[in-house]
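Written out below as structure tokens is the structure these notes cover.
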Amino acid sequence: MSMKREYRSRIVTQGLDRAAHRAFLRACGRDDGDLDKPQIGIVSTHGENTPCSMSLAPQADAARLGVAAGGALPVPFATISVSDGVSMNHKGMRLSLISREIIADSIEAVMRAHAYDGLIGFAGCDKTLPAIMMAMVRLNAPSVFVYGGAMLPGRWRGRDATVLTAYEGVGAVLAGAMTPAELSSLERACAPTIGSCPGQFTANTMAMVSEALGLAPPGSAMLPAVYSQRLALARHAGERVTQILANGGPLPRDLVTRKSLENAAAVVAATGGSTNAVLHLPAIAHEAGLRFVLDDIAQVFARTPLIADLQPGGHYLALDVFGVGGTDAVLKALLDGGYLHGDALTLSGKTMAGHLAGHCGPDGKIVRSASQPLSDASGLVVLRGNLAPDGALIKVAGLKTFISEGPARVFESEEACSAAVRKREYRAGDVLIIRNEGPKGGPGMREMLGVTALIYGQGMGEKVALVTDGRFSGATRGMMIGYVGPEAAVGGPIALARDADPVRIDCNARSIDLMISAQELAARRKAYALRPSERLSGVLEKYSKLVGPACEGAVTHAGAADWPRE
């Protein structure tokens, strides 16, 4: 990099009173030439706690070569990840969504403390993707986001198998439809390589979002974790961040705009993506000082058709999407159908339309054209009614039953409901309500894949409904409604529901209601007292005090702030 300019890092490396700083850096192995270069932070969530993150270290290491080739100094550092797969279905899941904030905060702390000039971020497990994107937008330094890639699918009895197959297998064993020995065989076959879960679950959904927002290199999202092409991709990402630094842009807040956020929401809707996107898109927007909340996402969902036949609602996986052109196939189909803002900017500096100009478009099977969709309706639907005035969310991709009406079975926690489901102490037509699991009430808004997969595995996925102020895994399917707001912990109507109350859910009408009179609901509210919360400490206590509502992204700070200047 020949361009001479006042890089942020010069506050650390230049001047008489920075002799001690330079001494520390020399002790890290740097010389005079290094101290004159801009410094690029390379962060990854690498760890051996989850296969999602185990592909990241080699990729982050390859990025160093690209940064060096671009004339800058690469400075690797690490942050945490929480495995959704391992923390699922017990109290550890409280920390999953919380980890999103911890990761974003930790990256901000390192970047600002050391005054690095740019950032490359590598993420794998679900919350690590939005967390790193949030940090990039918060810092607004030259940045490139890289997803670590999905694992290859397993094969079991002649068909693709994933971790979701194993989760639902537990329910099948409890229902007598599978033997423990068969489940053991499935367990050993369903996750054969490192990488993230291969369906259109949260990781792959947010990876597509990263391309739609323009924060990631085109073609990066669906490239499998174990493919050697990822090393070249990472090297090019390292070079690209130095070019952005030299050119002065595009910066993250040039890329994350109202239009690109709508593009990202359209990709989620069109692929039947993870319901968790309704938490992460508002949080990313919040870092840019933009208000893009559930109401805004609902408008995009309502106008976007379902065009990708992807699991869990459909048939195909990330590897299949890669084979037909990756995220670009989805983006091209949406652009040609008029569902995308073509003038939104991408990481290359081209507009989205300019970038997609040479793409051949969808294959017609895995990804369809917008004129011949799987469904004219979105893969996700936002519901509203007296049970969820601030909204609730269901994934309808693959759903056969769009209306459910039945008596409520109210549970005060996930564990209570899970115990009843394991014993099959529920009937077809029931509406299972799990409350006190929202962002504040959990705290941490646990995913419910454990219990929803049990229900589906027992063959009851569309014969009962489940409603919660908690959230779901991207792998959840069936008549499962989450993110109900306001949550029970702040006195939302879900706190007033009682056993045997009739509940009606109509995905076509986008409604969810307790079928009781307004007078009865008002009387219950008048008599209601908030449930005493358990004593908390540490990160759970801090999070519970700071976190906002799910419909606004469950964020914990006031929003966009400029990098502090000396």
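Identifiers for the structure tokens are assigned positionally: chains receive A, B, ... in sequence, residues are indexed from 1 per chain, and ligands are indexed from 1 in the order shown.
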
**Q.** Residues of region 35-234 of chain A in strand (DSSP E), written as a list in words
**A.** Gln39, Ile40, Gly41, Ile42, Val43, Ser44, Leu73, Pro74, Val75, Pro76, Phe77, Ala78, Gly118, Leu119, Ile120, Gly121, Phe122, Ala123, Ser143, Val144, Phe145, Val146, Tyr147, Gly154, Arg155, Trp156, Arg159, Asp160 and Ala161 of chain A

Q) Do you know which residues are at most 10 Å from Glu182 (chain A) counting only C-alpha atoms, after dropping those on the same chain fewer than 4 positions away, and could you put them as a list in words? A) Gly169, Val173, Met178, Leu186 and Glu187 of chain A

Please, could you write that set of residues out with all heavy atoms as a compact mmCIF listing (two decimals), in the first residue's frame?
# COMPACT_ATOMS: atom_id res chain seq x y z
N GLY A 169 -35.17 -37.36 15.48
CA GLY A 169 -35.09 -38.79 15.77
C GLY A 169 -35.36 -39.11 17.23
O GLY A 169 -35.92 -40.17 17.55
N VAL A 173 -38.07 -41.85 18.53
CA VAL A 173 -37.83 -42.93 19.48
C VAL A 173 -38.89 -42.91 20.58
O VAL A 173 -39.47 -43.94 20.95
CB VAL A 173 -36.42 -42.84 20.09
CG1 VAL A 173 -36.26 -43.81 21.26
CG2 VAL A 173 -35.36 -43.12 19.03
N MET A 178 -38.91 -45.22 15.91
CA MET A 178 -37.49 -45.48 15.66
C MET A 178 -36.92 -46.17 16.89
O MET A 178 -37.36 -45.89 18.02
CB MET A 178 -36.76 -44.16 15.38
CG MET A 178 -35.28 -44.31 15.07
SD MET A 178 -34.42 -42.71 14.84
CE MET A 178 -35.04 -42.25 13.23
N LEU A 186 -27.90 -43.03 13.31
CA LEU A 186 -28.14 -41.71 12.73
C LEU A 186 -27.22 -40.66 13.35
O LEU A 186 -26.64 -39.83 12.64
CB LEU A 186 -29.60 -41.33 12.94
CG LEU A 186 -30.02 -39.90 12.61
CD1 LEU A 186 -29.72 -39.56 11.16
CD2 LEU A 186 -31.50 -39.68 12.92
N GLU A 187 -27.07 -40.70 14.66
CA GLU A 187 -26.22 -39.75 15.38
C GLU A 187 -24.80 -39.75 14.84
O GLU A 187 -24.15 -38.70 14.75
CB GLU A 187 -26.23 -40.14 16.86
CG GLU A 187 -25.23 -39.45 17.75
CD GLU A 187 -25.16 -40.11 19.13
OE1 GLU A 187 -26.16 -40.70 19.57
OE2 GLU A 187 -24.08 -40.05 19.75

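The list of residues with at least one atom within 8 Å of Leu294 (chain A), based on only C-alpha atoms and without residues fewer than 3 positions apart in the same chain, reads Val278, Pro282, Ile297, Ala298, Gly391, Cys551 and Glu552 of chain A.
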
Give me a file of those residues, with C-alpha atoms, as an mmCIF file, in the first residue's frame.
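Final output, saved to out-v9.cif:
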data_model
loop_
_atom_site.group_PDB
_atom_site.id
_atom_site.type_symbol
_atom_site.label_atom_id
_atom_site.label_comp_id
_atom_site.auth_asym_id
_atom_site.auth_seq_id
_atom_site.Cartn_x
_atom_site.Cartn_y
_atom_site.Cartn_z
ATOM 1 C CA VAL A 278 -35.980 -10.888 12.778
ATOM 2 C CA PRO A 282 -32.858 -4.905 13.469
ATOM 3 C CA ILE A 297 -39.468 -6.749 8.085
ATOM 4 C CA ALA A 298 -43.118 -7.819 8.038
ATOM 5 C CA GLY A 391 -45.946 -9.349 16.771
ATOM 6 C CA CYS A 551 -39.378 -6.729 17.921
ATOM 7 C CA GLU A 552 -36.522 -4.202 17.982
#

Q | All residues 8 Å or closer to Gly154 (chain A), only C-alpha atoms, same chain fewer than 4 positions away omitted, as a list in words | A |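 My list of contacting residues is Asp160, Ala161, Thr162, Ala189, Cys190, Ala191 and Pro192 of chain A.
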
Q: May I have the residues within 7 Å of Ala131 (chain A) as a PyMOL selection string, using only C-alpha atoms and disregarding those fewer than 2 positions away in the same chain?
A: chain A and resi 100-101+103-104+127-129+133-135

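Take the candidates A:Ile433, A:Ala509, A:Val293, A:Leu139 and check each one against Glu414 (chain A) using only C-alpha atoms; the shortest distance goes to A:Ile433.
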
Q | Pick from A:Pro373, A:Pro180, A:Gly492, A:Gly474 nearest to Asp126 (chain A), counting only C-alpha atoms | A |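 Going through A:Pro373, A:Pro180, A:Gly492, A:Gly474 one by one, the smallest distance to Asp126 (chain A) is for A:Gly474.
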
Q: Considering only C-alpha atoms, return as number ranges by chain whatever protein or nucleic-acid residues lie within 8 Å of Gly349 (chain A), sequence-local ones (same chain, fewer than 3 positions apart) excluded.
A: A: 250, 345-346

Could you dump the residues just selected with N, CA, C and O atoms as a PDB file, in the first residue's frame?
ATOM      1  N   PRO A 250     -16.012   1.199  -0.001  1.00  0.00           N
ATOM      2  CA  PRO A 250     -17.192   1.479   0.814  1.00  0.00           C
ATOM      3  C   PRO A 250     -17.041   0.965   2.248  1.00  0.00           C
ATOM      4  O   PRO A 250     -16.526  -0.131   2.469  1.00  0.00           O
ATOM      5  N   LEU A 345     -25.517  -0.911  -2.776  1.00  0.00           N
ATOM      6  CA  LEU A 345     -24.085  -1.065  -3.010  1.00  0.00           C
ATOM      7  C   LEU A 345     -23.592  -2.411  -2.482  1.00  0.00           C
ATOM      8  O   LEU A 345     -24.101  -2.927  -1.488  1.00  0.00           O
ATOM      9  N   THR A 346     -22.584  -2.979  -3.150  1.00  0.00           N
ATOM     10  CA  THR A 346     -21.955  -4.218  -2.685  1.00  0.00           C
ATOM     11  C   THR A 346     -20.504  -3.948  -2.297  1.00  0.00           C
ATOM     12  O   THR A 346     -19.957  -2.879  -2.554  1.00  0.00           O
TER      13      THR A 346
END

Q: Could you find all residues in region 269-487 of chain A that DSSP calls alpha helix (DSSP H) from the backbone, and write them as a PyMOL selection string?
A: chain A and resi 269-271+277-287+294-303+318-323+327-336+352-356+414-422+449-457

Q.
With only C-alpha atoms as the counted atoms, please give the residues lying no more than 7 Å from Arg253 (chain A), apart from itself and same-chain residues fewer than 2 positions off, as a PyMOL selection string.
A. chain A and resi 137+140+251+255-257+288

Next, dump the selected residues to file, keeping only N, CA and C atoms, as an mmCIF file, in the first residue's frame.
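Final output, saved to again_11.cif:
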data_model
loop_
_atom_site.group_PDB
_atom_site.id
_atom_site.type_symbol
_atom_site.label_atom_id
_atom_site.label_comp_id
_atom_site.auth_asym_id
_atom_site.auth_seq_id
_atom_site.Cartn_x
_atom_site.Cartn_y
_atom_site.Cartn_z
ATOM 1 N N VAL A 137 -20.392 -2.709 11.654
ATOM 2 C CA VAL A 137 -21.219 -1.527 11.415
ATOM 3 C C VAL A 137 -21.053 -0.524 12.548
ATOM 4 N N ASN A 140 -17.577 1.013 11.870
ATOM 5 C CA ASN A 140 -17.546 1.687 10.561
ATOM 6 C C ASN A 140 -16.132 1.907 10.048
ATOM 7 N N LEU A 251 -17.502 1.768 3.189
ATOM 8 C CA LEU A 251 -17.485 1.407 4.604
ATOM 9 C C LEU A 251 -18.790 0.702 4.966
ATOM 10 N N LEU A 255 -22.809 0.478 3.136
ATOM 11 C CA LEU A 255 -23.417 -0.755 2.633
ATOM 12 C C LEU A 255 -24.730 -1.072 3.327
ATOM 13 N N VAL A 256 -24.763 -0.897 4.647
ATOM 14 C CA VAL A 256 -25.974 -1.211 5.424
ATOM 15 C C VAL A 256 -26.890 0.008 5.403
ATOM 16 N N THR A 257 -27.839 -0.027 4.494
ATOM 17 C CA THR A 257 -28.795 1.053 4.285
ATOM 18 C C THR A 257 -30.198 0.470 4.351
ATOM 19 N N ALA A 288 -26.102 0.986 12.745
ATOM 20 C CA ALA A 288 -25.934 2.039 11.737
ATOM 21 C C ALA A 288 -26.790 3.257 12.027
#

Q. Between A:Leu183, A:Pro502, A:Ala416, A:Ser473, which one has atoms that come closest to Asp430 (chain A), using only C-alpha atoms?
A. A:Pro502

(Q) Under the rule that only C-alpha atoms are counted, which of A:Cys197, A:Ala392, A:Met222, A:Leu73 is the nearest residue to Arg510 (chain A)? (A) A:Ala392

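Minimum atom-to-atom distances from A:His114, A:Arg22, A:Arg531, A:Arg446 to Glu415 (chain A) were compared using only C-alpha atoms, and the lowest value belongs to A:Arg446.
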